[in-house]
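Coordinates from structure13.cif are shown below (mmCIF, C-alpha atoms and all ligand atoms; chains and numbers go by the auth columns).
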```
data_start
#
loop_
_atom_site.group_PDB
_atom_site.id
_atom_site.type_symbol
_atom_site.label_atom_id
_atom_site.label_comp_id
_atom_site.label_asym_id
_atom_site.label_seq_id
_atom_site.Cartn_x
_atom_site.Cartn_y
_atom_site.Cartn_z
_atom_site.B_iso_or_equiv
_atom_site.auth_seq_id
_atom_site.auth_asym_id
ATOM 1 C CA MET A 1 115.597 166.347 215.052 0.00 738 M
ATOM 2 C CA LYS A 2 112.223 167.910 215.356 0.00 739 M
ATOM 3 C CA ARG A 3 110.958 169.115 218.649 0.00 740 M
ATOM 4 C CA ARG A 4 107.718 167.614 219.919 0.00 741 M
ATOM 5 C CA ASP A 5 105.740 170.222 221.761 0.00 742 M
ATOM 6 C CA PHE A 6 102.750 169.238 223.774 0.00 743 M
ATOM 7 C CA LEU A 7 99.861 170.984 225.374 0.00 744 M
ATOM 8 C CA SER A 8 101.092 171.697 228.845 0.00 745 M
ATOM 9 C CA ALA A 9 101.623 175.393 229.260 0.00 746 M
ATOM 10 C CA SER A 10 102.848 174.551 232.715 0.00 747 M
ATOM 11 C CA VAL A 11 105.943 173.018 231.162 0.00 748 M
ATOM 12 C CA ALA A 12 107.326 176.496 230.831 0.00 749 M
ATOM 13 C CA LEU A 13 106.856 176.992 234.545 0.00 750 M
ATOM 14 C CA GLY A 14 108.498 173.754 235.523 0.00 751 M
ATOM 15 C CA ALA A 15 105.500 171.547 236.167 0.00 752 M
ATOM 16 C CA GLY A 16 106.695 168.797 233.844 0.00 753 M
ATOM 17 C CA PHE A 17 105.117 167.298 230.779 0.00 754 M
ATOM 18 C CA ALA A 18 101.510 166.331 230.464 0.00 755 M
ATOM 19 C CA LEU A 19 101.316 163.203 228.393 0.00 756 M
ATOM 20 C CA PRO A 20 100.444 163.871 224.747 0.00 757 M
ATOM 21 C CA ARG A 21 96.962 162.774 223.787 0.00 758 M
ATOM 22 C CA TRP A 22 97.710 162.323 220.122 0.00 759 M
ATOM 23 C CA GLY A 23 99.978 160.379 217.831 0.00 760 M
ATOM 24 C CA SER A 24 102.911 161.269 215.636 0.00 761 M
ATOM 25 C CA ALA A 25 103.165 164.796 214.385 0.00 762 M
ATOM 26 C CA ALA A 26 102.905 166.044 210.835 0.00 763 M
ATOM 27 C CA ASP A 27 106.015 167.249 209.052 0.00 764 M
ATOM 28 C CA SER A 28 106.797 170.934 208.698 0.00 765 M
ATOM 29 C CA SER A 29 109.851 172.979 207.847 0.00 766 M
ATOM 30 C CA GLY A 30 111.524 173.946 211.101 0.00 767 M
ATOM 31 C CA PRO A 31 111.829 172.860 214.716 0.00 768 M
ATOM 32 C CA TYR A 32 108.098 172.892 215.479 0.00 769 M
ATOM 33 C CA GLU A 33 105.324 170.841 213.993 0.00 770 M
ATOM 34 C CA LEU A 34 101.558 170.550 213.874 0.00 771 M
ATOM 35 C CA ALA A 35 100.250 167.450 215.603 0.00 772 M
ATOM 36 C CA PRO A 36 97.127 165.727 214.300 0.00 773 M
ATOM 37 C CA LEU A 37 93.823 166.438 215.964 0.00 774 M
ATOM 38 C CA PRO A 38 93.071 163.896 218.700 0.00 775 M
ATOM 39 C CA TYR A 39 89.660 163.217 217.064 0.00 776 M
ATOM 40 C CA ALA A 40 88.015 163.379 213.640 0.00 777 M
ATOM 41 C CA HIS A 41 87.065 166.698 212.073 0.00 778 M
ATOM 42 C CA ASP A 42 83.373 165.917 212.507 0.00 779 M
ATOM 43 C CA ALA A 43 83.710 164.550 216.037 0.00 780 M
ATOM 44 C CA LEU A 44 82.495 167.733 217.728 0.00 781 M
ATOM 45 C CA GLU A 45 79.360 168.125 215.620 0.00 782 M
ATOM 46 C CA PRO A 46 76.744 169.465 215.998 0.00 783 M
ATOM 47 C CA HIS A 47 78.488 171.927 218.305 0.00 784 M
ATOM 48 C CA ILE A 48 81.442 172.716 216.008 0.00 785 M
ATOM 49 C CA ASP A 49 81.131 171.731 212.345 0.00 786 M
ATOM 50 C CA ALA A 50 83.630 169.562 210.494 0.00 787 M
ATOM 51 C CA ARG A 51 84.573 172.149 207.855 0.00 788 M
ATOM 52 C CA THR A 52 85.448 174.702 210.508 0.00 789 M
ATOM 53 C CA MET A 53 87.551 172.173 212.377 0.00 790 M
ATOM 54 C CA GLU A 54 89.380 171.130 209.217 0.00 791 M
ATOM 55 C CA ILE A 55 90.203 174.663 208.105 0.00 792 M
ATOM 56 C CA HIS A 56 90.962 175.820 211.621 0.00 793 M
ATOM 57 C CA HIS A 57 93.434 173.040 212.319 0.00 794 M
ATOM 58 C CA SER A 58 95.018 172.342 208.932 0.00 795 M
ATOM 59 C CA ARG A 59 95.286 175.924 207.705 0.00 796 M
ATOM 60 C CA HIS A 60 95.107 178.394 210.581 0.00 797 M
ATOM 61 C CA HIS A 61 97.043 176.388 213.164 0.00 798 M
ATOM 62 C CA GLN A 62 99.500 175.245 210.496 0.00 799 M
ATOM 63 C CA ALA A 63 100.108 178.880 209.581 0.00 800 M
ATOM 64 C CA TYR A 64 101.037 179.682 213.187 0.00 801 M
ATOM 65 C CA VAL A 65 103.461 176.755 213.255 0.00 802 M
ATOM 66 C CA ASN A 66 104.976 177.883 209.963 0.00 803 M
ATOM 67 C CA GLY A 67 105.283 181.449 211.190 0.00 804 M
ATOM 68 C CA LEU A 68 107.026 180.386 214.380 0.00 805 M
ATOM 69 C CA ASN A 69 109.377 178.136 212.436 0.00 806 M
ATOM 70 C CA ALA A 70 110.237 180.950 210.046 0.00 807 M
ATOM 71 C CA ALA A 71 111.060 183.240 212.959 0.00 808 M
ATOM 72 C CA VAL A 72 113.362 180.982 214.960 0.00 809 M
ATOM 73 C CA ALA A 73 114.685 178.248 212.630 0.00 810 M
ATOM 74 C CA GLY A 74 118.474 178.303 212.633 0.00 811 M
ATOM 75 C CA THR A 75 118.692 180.481 215.728 0.00 812 M
ATOM 76 C CA GLU A 76 119.536 179.651 219.329 0.00 813 M
ATOM 77 C CA TRP A 77 115.859 180.214 220.171 0.00 814 M
ATOM 78 C CA ALA A 78 114.863 177.084 218.276 0.00 815 M
ATOM 79 C CA GLU A 79 116.108 175.093 221.271 0.00 816 M
ATOM 80 C CA LYS A 80 113.248 176.444 223.379 0.00 817 M
ATOM 81 C CA THR A 81 109.777 174.949 223.489 0.00 818 M
ATOM 82 C CA PRO A 82 106.984 177.193 222.174 0.00 819 M
ATOM 83 C CA ASP A 83 105.718 177.517 225.752 0.00 820 M
ATOM 84 C CA GLU A 84 109.116 178.680 226.947 0.00 821 M
ATOM 85 C CA LEU A 85 109.443 181.197 224.131 0.00 822 M
ATOM 86 C CA VAL A 86 106.018 182.701 224.810 0.00 823 M
ATOM 87 C CA ALA A 87 106.565 182.852 228.580 0.00 824 M
ATOM 88 C CA MET A 88 109.851 184.731 228.084 0.00 825 M
ATOM 89 C CA ILE A 89 108.436 187.128 225.490 0.00 826 M
ATOM 90 C CA ARG A 90 109.888 190.235 227.152 0.00 827 M
ATOM 91 C CA GLU A 91 113.396 188.783 227.097 0.00 828 M
ATOM 92 C CA LEU A 92 113.385 187.979 223.400 0.00 829 M
ATOM 93 C CA PRO A 93 115.198 190.110 220.827 0.00 830 M
ATOM 94 C CA GLU A 94 112.962 192.563 219.074 0.00 831 M
ATOM 95 C CA GLU A 95 113.360 190.888 215.682 0.00 832 M
ATOM 96 C CA ILE A 96 111.531 187.742 216.797 0.00 833 M
ATOM 97 C CA ARG A 97 109.323 189.095 219.586 0.00 834 M
ATOM 98 C CA THR A 98 106.307 189.929 217.429 0.00 835 M
ATOM 99 C CA ALA A 99 106.474 186.606 215.585 0.00 836 M
ATOM 100 C CA VAL A 100 106.661 184.672 218.845 0.00 837 M
ATOM 101 C CA ARG A 101 103.768 186.693 220.297 0.00 838 M
ATOM 102 C CA ASN A 102 101.554 186.064 217.271 0.00 839 M
ATOM 103 C CA HIS A 103 102.663 182.699 215.897 0.00 840 M
ATOM 104 C CA GLY A 104 104.082 181.149 219.052 0.00 841 M
ATOM 105 C CA GLY A 105 101.007 182.287 220.945 0.00 842 M
ATOM 106 C CA GLY A 106 98.804 180.963 218.161 0.00 843 M
ATOM 107 C CA HIS A 107 100.563 177.604 218.250 0.00 844 M
ATOM 108 C CA ILE A 108 100.299 177.002 222.001 0.00 845 M
ATOM 109 C CA ASN A 109 96.810 178.465 222.315 0.00 846 M
ATOM 110 C CA HIS A 110 95.426 176.165 219.635 0.00 847 M
ATOM 111 C CA THR A 111 97.294 173.149 220.992 0.00 848 M
ATOM 112 C CA LEU A 112 95.594 173.668 224.342 0.00 849 M
ATOM 113 C CA PHE A 113 92.263 174.311 222.622 0.00 850 M
ATOM 114 C CA TRP A 114 92.221 171.000 220.688 0.00 851 M
ATOM 115 C CA ASN A 115 93.249 169.047 223.750 0.00 852 M
ATOM 116 C CA THR A 116 90.601 170.415 226.074 0.00 853 M
ATOM 117 C CA MET A 117 87.715 169.537 223.773 0.00 854 M
ATOM 118 C CA SER A 118 86.245 166.071 223.313 0.00 855 M
ATOM 119 C CA PRO A 119 83.252 164.396 221.641 0.00 856 M
ATOM 120 C CA GLN A 120 82.529 163.074 225.143 0.00 857 M
ATOM 121 C CA GLY A 121 82.856 166.552 226.659 0.00 858 M
ATOM 122 C CA GLY A 122 80.436 168.776 228.478 0.00 859 M
ATOM 123 C CA GLY A 123 78.974 168.644 231.924 0.00 860 M
ATOM 124 C CA GLU A 124 80.823 170.037 234.910 0.00 861 M
ATOM 125 C CA PRO A 125 84.206 169.416 236.502 0.00 862 M
ATOM 126 C CA SER A 126 84.595 167.319 239.622 0.00 863 M
ATOM 127 C CA GLY A 127 87.214 166.746 242.280 0.00 864 M
ATOM 128 C CA GLU A 128 89.863 169.309 243.150 0.00 865 M
ATOM 129 C CA LEU A 129 89.128 171.481 240.122 0.00 866 M
ATOM 130 C CA ALA A 130 85.466 171.755 241.090 0.00 867 M
ATOM 131 C CA LYS A 131 86.485 172.695 244.643 0.00 868 M
ATOM 132 C CA ALA A 132 88.853 175.372 243.326 0.00 869 M
ATOM 133 C CA ILE A 133 86.149 176.802 241.063 0.00 870 M
ATOM 134 C CA GLU A 134 83.819 176.937 244.054 0.00 871 M
ATOM 135 C CA ARG A 135 86.462 178.566 246.249 0.00 872 M
ATOM 136 C CA ASP A 136 87.930 181.069 243.780 0.00 873 M
ATOM 137 C CA LEU A 137 85.157 181.771 241.301 0.00 874 M
ATOM 138 C CA GLY A 138 81.947 181.309 243.279 0.00 875 M
ATOM 139 C CA GLY A 139 80.952 177.980 241.779 0.00 876 M
ATOM 140 C CA PHE A 140 80.390 176.546 238.330 0.00 877 M
ATOM 141 C CA ASP A 141 77.497 178.782 237.331 0.00 878 M
ATOM 142 C CA ASP A 142 79.406 181.942 238.192 0.00 879 M
ATOM 143 C CA PHE A 143 82.471 180.594 236.411 0.00 880 M
ATOM 144 C CA ALA A 144 80.429 179.780 233.302 0.00 881 M
ATOM 145 C CA THR A 145 78.977 183.290 233.270 0.00 882 M
ATOM 146 C CA ASP A 146 82.336 184.994 233.767 0.00 883 M
ATOM 147 C CA PHE A 147 84.146 182.781 231.256 0.00 884 M
ATOM 148 C CA SER A 148 81.428 183.298 228.659 0.00 885 M
ATOM 149 C CA ASN A 149 81.423 187.041 229.203 0.00 886 M
ATOM 150 C CA ALA A 150 85.221 187.212 228.928 0.00 887 M
ATOM 151 C CA ALA A 151 84.981 185.431 225.587 0.00 888 M
ATOM 152 C CA ILE A 152 81.894 187.161 224.193 0.00 889 M
ATOM 153 C CA ARG A 153 82.985 190.669 225.207 0.00 890 M
ATOM 154 C CA GLN A 154 86.543 190.331 223.902 0.00 891 M
ATOM 155 C CA PHE A 155 86.622 193.040 221.243 0.00 892 M
ATOM 156 C CA GLY A 156 87.772 191.730 217.895 0.00 893 M
ATOM 157 C CA SER A 157 89.826 188.559 217.851 0.00 894 M
ATOM 158 C CA GLY A 158 91.029 186.838 220.986 0.00 895 M
ATOM 159 C CA TRP A 159 90.396 184.207 223.614 0.00 896 M
ATOM 160 C CA GLY A 160 88.521 183.580 226.849 0.00 897 M
ATOM 161 C CA TRP A 161 90.513 181.767 229.523 0.00 898 M
ATOM 162 C CA LEU A 162 90.441 179.850 232.762 0.00 899 M
ATOM 163 C CA CYS A 163 93.904 180.082 234.286 0.00 900 M
ATOM 164 C CA LEU A 164 95.829 179.363 237.455 0.00 901 M
ATOM 165 C CA HIS A 165 97.833 182.078 239.140 0.00 902 M
ATOM 166 C CA PRO A 166 100.832 179.875 239.991 0.00 903 M
ATOM 167 C CA ALA A 167 102.057 181.820 243.019 0.00 904 M
ATOM 168 C CA LYS A 168 98.678 182.442 244.615 0.00 905 M
ATOM 169 C CA LYS A 169 97.363 179.011 243.562 0.00 906 M
ATOM 170 C CA ARG A 170 94.099 180.659 242.620 0.00 907 M
ATOM 171 C CA LEU A 171 91.953 180.377 239.517 0.00 908 M
ATOM 172 C CA VAL A 172 91.300 183.435 237.396 0.00 909 M
ATOM 173 C CA VAL A 173 89.126 184.115 234.338 0.00 910 M
ATOM 174 C CA LEU A 174 90.193 186.630 231.748 0.00 911 M
ATOM 175 C CA GLY A 175 90.200 187.479 228.078 0.00 912 M
ATOM 176 C CA THR A 176 93.189 188.189 225.862 0.00 913 M
ATOM 177 C CA ALA A 177 93.418 189.895 222.484 0.00 914 M
ATOM 178 C CA ASN A 178 94.723 188.329 219.287 0.00 915 M
ATOM 179 C CA GLN A 179 96.991 185.369 220.088 0.00 916 M
ATOM 180 C CA ASN A 180 98.314 186.761 223.356 0.00 917 M
ATOM 181 C CA SER A 181 98.823 183.935 225.826 0.00 918 M
ATOM 182 C CA PRO A 182 98.134 184.119 229.562 0.00 919 M
ATOM 183 C CA LEU A 183 101.727 182.890 229.923 0.00 920 M
ATOM 184 C CA MET A 184 102.782 186.408 228.938 0.00 921 M
ATOM 185 C CA ARG A 185 101.146 187.557 232.198 0.00 922 M
ATOM 186 C CA GLY A 186 102.642 184.777 234.274 0.00 923 M
ATOM 187 C CA LEU A 187 99.363 182.844 234.348 0.00 924 M
ATOM 188 C CA VAL A 188 99.024 179.171 233.420 0.00 925 M
ATOM 189 C CA PRO A 189 96.162 178.573 230.960 0.00 926 M
ATOM 190 C CA LEU A 190 93.997 175.553 231.794 0.00 927 M
ATOM 191 C CA LEU A 191 91.124 176.062 229.332 0.00 928 M
ATOM 192 C CA GLY A 192 90.661 178.491 226.472 0.00 929 M
ATOM 193 C CA VAL A 193 87.941 179.240 223.957 0.00 930 M
ATOM 194 C CA ASP A 194 89.012 180.690 220.630 0.00 931 M
ATOM 195 C CA VAL A 195 86.776 183.602 219.642 0.00 932 M
ATOM 196 C CA TRP A 196 88.510 184.531 216.418 0.00 933 M
ATOM 197 C CA GLU A 197 85.847 184.498 213.692 0.00 934 M
ATOM 198 C CA HIS A 198 87.701 181.642 211.965 0.00 935 M
ATOM 199 C CA ALA A 199 86.662 179.472 214.942 0.00 936 M
ATOM 200 C CA TYR A 200 82.918 179.848 214.399 0.00 937 M
ATOM 201 C CA TYR A 201 81.872 182.021 211.466 0.00 938 M
ATOM 202 C CA LEU A 202 80.981 179.246 208.989 0.00 939 M
ATOM 203 C CA GLN A 203 78.451 177.769 211.399 0.00 940 M
ATOM 204 C CA TYR A 204 77.468 180.638 213.639 0.00 941 M
ATOM 205 C CA GLN A 205 78.212 183.718 211.504 0.00 942 M
ATOM 206 C CA ASN A 206 78.174 186.692 213.904 0.00 943 M
ATOM 207 C CA ARG A 207 76.497 184.787 216.746 0.00 944 M
ATOM 208 C CA ARG A 208 79.555 184.460 218.956 0.00 945 M
ATOM 209 C CA ALA A 209 77.450 183.956 222.084 0.00 946 M
ATOM 210 C CA ASP A 210 75.785 180.897 220.549 0.00 947 M
ATOM 211 C CA TYR A 211 79.173 179.429 219.702 0.00 948 M
ATOM 212 C CA VAL A 212 80.497 180.006 223.223 0.00 949 M
ATOM 213 C CA LYS A 213 77.370 178.388 224.666 0.00 950 M
ATOM 214 C CA ALA A 214 77.887 175.382 222.373 0.00 951 M
ATOM 215 C CA PHE A 215 81.555 175.181 223.365 0.00 952 M
ATOM 216 C CA PHE A 216 80.482 174.153 226.870 0.00 953 M
ATOM 217 C CA ASN A 217 79.115 170.938 225.338 0.00 954 M
ATOM 218 C CA VAL A 218 82.565 169.845 224.189 0.00 955 M
ATOM 219 C CA ILE A 219 84.785 170.907 227.098 0.00 956 M
ATOM 220 C CA ASP A 220 86.870 167.949 228.249 0.00 957 M
ATOM 221 C CA TRP A 221 86.845 168.576 231.981 0.00 958 M
ATOM 222 C CA ASP A 222 89.116 165.622 232.644 0.00 959 M
ATOM 223 C CA ALA A 223 91.776 167.243 230.473 0.00 960 M
ATOM 224 C CA VAL A 224 91.253 170.594 232.182 0.00 961 M
ATOM 225 C CA ALA A 225 91.574 168.869 235.565 0.00 962 M
ATOM 226 C CA GLN A 226 94.873 167.323 234.428 0.00 963 M
ATOM 227 C CA ASN A 227 96.115 170.759 233.417 0.00 964 M
ATOM 228 C CA TYR A 228 95.025 172.115 236.800 0.00 965 M
ATOM 229 C CA ALA A 229 96.781 169.335 238.696 0.00 966 M
ATOM 230 C CA ALA A 230 100.007 169.810 236.728 0.00 967 M
ATOM 231 C CA ALA A 231 99.978 173.579 237.175 0.00 968 M
ATOM 232 C CA HIS A 232 99.025 173.381 240.835 0.00 969 M
ATOM 233 C CA GLN A 233 101.928 171.064 241.617 0.00 970 M
ATOM 234 C CA SER A 234 104.507 173.334 239.993 0.00 971 M
HETATM 235 FE FE FE B . 91.927 179.855 216.011 0.00 1001 L
#
```
Reformat the file's structure so that it appears as structure tokens.
Ligand SMILES: [Fe+2]
Amino acid sequence: MKRRDFLSASVALGAGFALPRWGSAADSSGPYELAPLPYAHDALEPHIDARTMEIHHSRHHQAYVNGLNAAVAGTEWAEKTPDELVAMIRELPEEIRTAVRNHGGGHINHTLFWNTMSPQGGGEPSGELAKAIERDLGGFDDFATDFSNAAIRQFGSGWGWLCLHPAKKRLVVLGTANQNSPLMRGLVPLLGVDVWEHAYYLQYQNRRADYVKAFFNVIDWDAVAQNYAAAHQS
């Protein structure tokens, strides 16, 4: 039986499942599978173009799923969720550690990415998340600046993140290289922007800053707030 793995990075830290926001998953060879996008390829235009979304999801994300499956299929590790595997990266045997870091990280990072964007996105958060951003990050404008800088200044490929430090119950903004997940640092990712060139080059070429600015127009703050609530309760 195939394992369904959903967006909540907090699952690995015991917060429980966030409800999936998409339907049945596509088939793949191994315990993990690529779920369909929760919206059409062109749904995020003009901010992210349809061709980029199609290639990004169906080829790049699928490749991470395939890579993770190849690494753990038939082993005891296939019983773990991708989130669990990534969070326990230092405990894994050397022969699968790199594959889990790259492909497992790629799988969970992209799953979060798709599920925190929406055609109805943009604007600013409200409620408890907005209060936490005010308290921990100096307000939305300061957060937006720090998050953008973390993404734009990430050298080479990587991600910009908004995370919760689960013990301190405080928000943090950071960047990570390649497909490294904040879970590897004990942080729970709530929102991430992919700044690999495959995420924006067709539309924006080398203008990463323009892409990151456009990303703010598709952020699904309700989804981010759900991630925050789940992580905060863990
Ligand atoms: Fe990507």
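If you measure from each of M:Thr835, M:Ser863, M:Gln857, M:Asp947 to Ala888 of chain M using all atoms listed in the file, the closest one turns out to be M:Asp947.
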When the cut-off is 12 Å and you count all atoms listed in the file, which residues lie near ligand FE 1001 (chain L), shown as a PDB file with C-alpha atoms, in the frame of the given file?
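The file below, result13.pdb, is the result:
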```pdb
ATOM      1  CA  THR M 789      85.448 174.702 210.508  1.00  0.00           C
ATOM      2  CA  MET M 790      87.551 172.173 212.377  1.00  0.00           C
ATOM      3  CA  GLU M 791      89.380 171.130 209.217  1.00  0.00           C
ATOM      4  CA  ILE M 792      90.203 174.663 208.105  1.00  0.00           C
ATOM      5  CA  HIS M 793      90.962 175.820 211.621  1.00  0.00           C
ATOM      6  CA  HIS M 794      93.434 173.040 212.319  1.00  0.00           C
ATOM      7  CA  SER M 795      95.018 172.342 208.932  1.00  0.00           C
ATOM      8  CA  ARG M 796      95.286 175.924 207.705  1.00  0.00           C
ATOM      9  CA  HIS M 797      95.107 178.394 210.581  1.00  0.00           C
ATOM     10  CA  HIS M 798      97.043 176.388 213.164  1.00  0.00           C
ATOM     11  CA  GLN M 799      99.500 175.245 210.496  1.00  0.00           C
ATOM     12  CA  ALA M 800     100.108 178.880 209.581  1.00  0.00           C
ATOM     13  CA  TYR M 801     101.037 179.682 213.187  1.00  0.00           C
ATOM     14  CA  ASN M 839     101.554 186.064 217.271  1.00  0.00           C
ATOM     15  CA  HIS M 840     102.663 182.699 215.897  1.00  0.00           C
ATOM     16  CA  GLY M 842     101.007 182.287 220.945  1.00  0.00           C
ATOM     17  CA  GLY M 843      98.804 180.963 218.161  1.00  0.00           C
ATOM     18  CA  HIS M 844     100.563 177.604 218.250  1.00  0.00           C
ATOM     19  CA  ILE M 845     100.299 177.002 222.001  1.00  0.00           C
ATOM     20  CA  ASN M 846      96.810 178.465 222.315  1.00  0.00           C
ATOM     21  CA  HIS M 847      95.426 176.165 219.635  1.00  0.00           C
ATOM     22  CA  THR M 848      97.294 173.149 220.992  1.00  0.00           C
ATOM     23  CA  LEU M 849      95.594 173.668 224.342  1.00  0.00           C
ATOM     24  CA  PHE M 850      92.263 174.311 222.622  1.00  0.00           C
ATOM     25  CA  TRP M 851      92.221 171.000 220.688  1.00  0.00           C
ATOM     26  CA  SER M 894      89.826 188.559 217.851  1.00  0.00           C
ATOM     27  CA  GLY M 895      91.029 186.838 220.986  1.00  0.00           C
ATOM     28  CA  TRP M 896      90.396 184.207 223.614  1.00  0.00           C
ATOM     29  CA  GLY M 897      88.521 183.580 226.849  1.00  0.00           C
ATOM     30  CA  ASN M 915      94.723 188.329 219.287  1.00  0.00           C
ATOM     31  CA  GLN M 916      96.991 185.369 220.088  1.00  0.00           C
ATOM     32  CA  ASN M 917      98.314 186.761 223.356  1.00  0.00           C
ATOM     33  CA  GLY M 929      90.661 178.491 226.472  1.00  0.00           C
ATOM     34  CA  VAL M 930      87.941 179.240 223.957  1.00  0.00           C
ATOM     35  CA  ASP M 931      89.012 180.690 220.630  1.00  0.00           C
ATOM     36  CA  VAL M 932      86.776 183.602 219.642  1.00  0.00           C
ATOM     37  CA  TRP M 933      88.510 184.531 216.418  1.00  0.00           C
ATOM     38  CA  GLU M 934      85.847 184.498 213.692  1.00  0.00           C
ATOM     39  CA  HIS M 935      87.701 181.642 211.965  1.00  0.00           C
ATOM     40  CA  ALA M 936      86.662 179.472 214.942  1.00  0.00           C
ATOM     41  CA  TYR M 937      82.918 179.848 214.399  1.00  0.00           C
ATOM     42  CA  TYR M 938      81.872 182.021 211.466  1.00  0.00           C
TER      43      TYR M 938
END
```
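Shortest separation to Gly876 of chain M among M:Leu908, M:Ser855, M:Val949, M:Trp814 occurs at residue M:Leu908, atoms counted being all atoms listed in the file.
When only C-alpha atoms are used to measure the gap to Ala914 of chain M, the shortest distance among M:Trp898, M:Tyr965, M:Phe953, M:Phe892 belongs to M:Phe892.
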Residues within 9 Å of Gln963 of chain M, please, as an mmCIF file with C-alpha atoms, in the coordinates of the input. Count only C-alpha atoms; anything in the same chain fewer than 4 positions from it doesn't count.
```
data_model
loop_
_atom_site.group_PDB
_atom_site.id
_atom_site.type_symbol
_atom_site.label_atom_id
_atom_site.label_comp_id
_atom_site.auth_asym_id
_atom_site.auth_seq_id
_atom_site.Cartn_x
_atom_site.Cartn_y
_atom_site.Cartn_z
ATOM 1 C CA ALA M 755 101.510 166.331 230.464
ATOM 2 C CA LEU M 927 93.997 175.553 231.794
ATOM 3 C CA TRP M 958 86.845 168.576 231.981
ATOM 4 C CA ASP M 959 89.116 165.622 232.644
ATOM 5 C CA ALA M 967 100.007 169.810 236.728
ATOM 6 C CA ALA M 968 99.978 173.579 237.175
#
```
Exercise. Just give me the residues with any atom within 12 Å of (85.7, 177.2, 245.4), file coordinates, counting all atoms listed in the file, written as a PyMOL selection string.
Key: chain M and resi 862-880+906-909
Practice problem: List the neighbours of Pro830 of chain M out to 12 Å using all atoms listed in the file; skip same-chain residues closer than 6 positions along the sequence, and give me the result as number ranges by chain. | Solution: M: 808-809, 812-814, 822, 836-838
Quiz item: What separation in Å, quoted to one decimal, exists between atom CA of Leu928 of chain M and atom CA of Ala962 of chain M?
Solution: 9.5 Å
Exercise. Provide the atom CA of Ala815 of chain M to atom CA of Ala772 of chain M distance in Å, to one decimal place.
Key: 17.7 Å
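Of the listed residues M:Ser885, M:Ser918, M:Asn964, M:Gln970, the one whose atoms come nearest to Phe952 of chain M is M:Ser885, with distances taken using all atoms listed in the file.
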Could you add N, CA and C atoms to segment 928-943 of chain M and give me the result as an mmCIF file, in the coordinates of the input?
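Final file, part_5.cif:
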```
data_model
loop_
_atom_site.group_PDB
_atom_site.id
_atom_site.type_symbol
_atom_site.label_atom_id
_atom_site.label_comp_id
_atom_site.auth_asym_id
_atom_site.auth_seq_id
_atom_site.Cartn_x
_atom_site.Cartn_y
_atom_site.Cartn_z
ATOM 1 N N LEU M 928 92.204 176.220 230.304
ATOM 2 C CA LEU M 928 91.124 176.062 229.332
ATOM 3 C C LEU M 928 90.980 177.379 228.580
ATOM 4 N N GLY M 929 90.852 177.279 227.267
ATOM 5 C CA GLY M 929 90.661 178.491 226.472
ATOM 6 C C GLY M 929 89.653 178.266 225.379
ATOM 7 N N VAL M 930 88.868 179.302 225.094
ATOM 8 C CA VAL M 930 87.941 179.240 223.957
ATOM 9 C C VAL M 930 88.373 180.302 222.938
ATOM 10 N N ASP M 931 88.570 179.850 221.743
ATOM 11 C CA ASP M 931 89.012 180.690 220.630
ATOM 12 C C ASP M 931 87.812 181.475 220.119
ATOM 13 N N VAL M 932 87.890 182.800 220.166
ATOM 14 C CA VAL M 932 86.776 183.602 219.642
ATOM 15 C C VAL M 932 87.207 184.441 218.434
ATOM 16 N N TRP M 933 88.265 184.000 217.752
ATOM 17 C CA TRP M 933 88.510 184.531 216.418
ATOM 18 C C TRP M 933 87.342 184.068 215.525
ATOM 19 N N GLU M 934 86.976 184.895 214.552
ATOM 20 C CA GLU M 934 85.847 184.498 213.692
ATOM 21 C C GLU M 934 86.126 183.200 212.945
ATOM 22 N N HIS M 935 87.410 182.889 212.688
ATOM 23 C CA HIS M 935 87.701 181.642 211.965
ATOM 24 C C HIS M 935 87.276 180.411 212.776
ATOM 25 N N ALA M 936 87.041 180.600 214.085
ATOM 26 C CA ALA M 936 86.662 179.472 214.942
ATOM 27 C C ALA M 936 85.182 179.142 214.854
ATOM 28 N N TYR M 937 84.369 180.085 214.320
ATOM 29 C CA TYR M 937 82.918 179.848 214.399
ATOM 30 C C TYR M 937 82.101 180.431 213.262
ATOM 31 N N TYR M 938 82.690 181.232 212.371
ATOM 32 C CA TYR M 938 81.872 182.021 211.466
ATOM 33 C C TYR M 938 81.095 181.175 210.456
ATOM 34 N N LEU M 939 81.674 180.079 209.978
ATOM 35 C CA LEU M 939 80.981 179.246 208.989
ATOM 36 C C LEU M 939 79.655 178.722 209.527
ATOM 37 N N GLN M 940 79.653 178.362 210.802
ATOM 38 C CA GLN M 940 78.451 177.769 211.399
ATOM 39 C C GLN M 940 77.579 178.787 212.115
ATOM 40 N N TYR M 941 78.217 179.727 212.768
ATOM 41 C CA TYR M 941 77.468 180.638 213.639
ATOM 42 C C TYR M 941 77.406 182.078 213.125
ATOM 43 N N GLN M 942 78.115 182.349 212.023
ATOM 44 C CA GLN M 942 78.212 183.718 211.504
ATOM 45 C C GLN M 942 78.599 184.686 212.637
ATOM 46 N N ASN M 943 77.788 185.710 212.882
ATOM 47 C CA ASN M 943 78.174 186.692 213.904
ATOM 48 C C ASN M 943 77.662 186.342 215.301
#
```
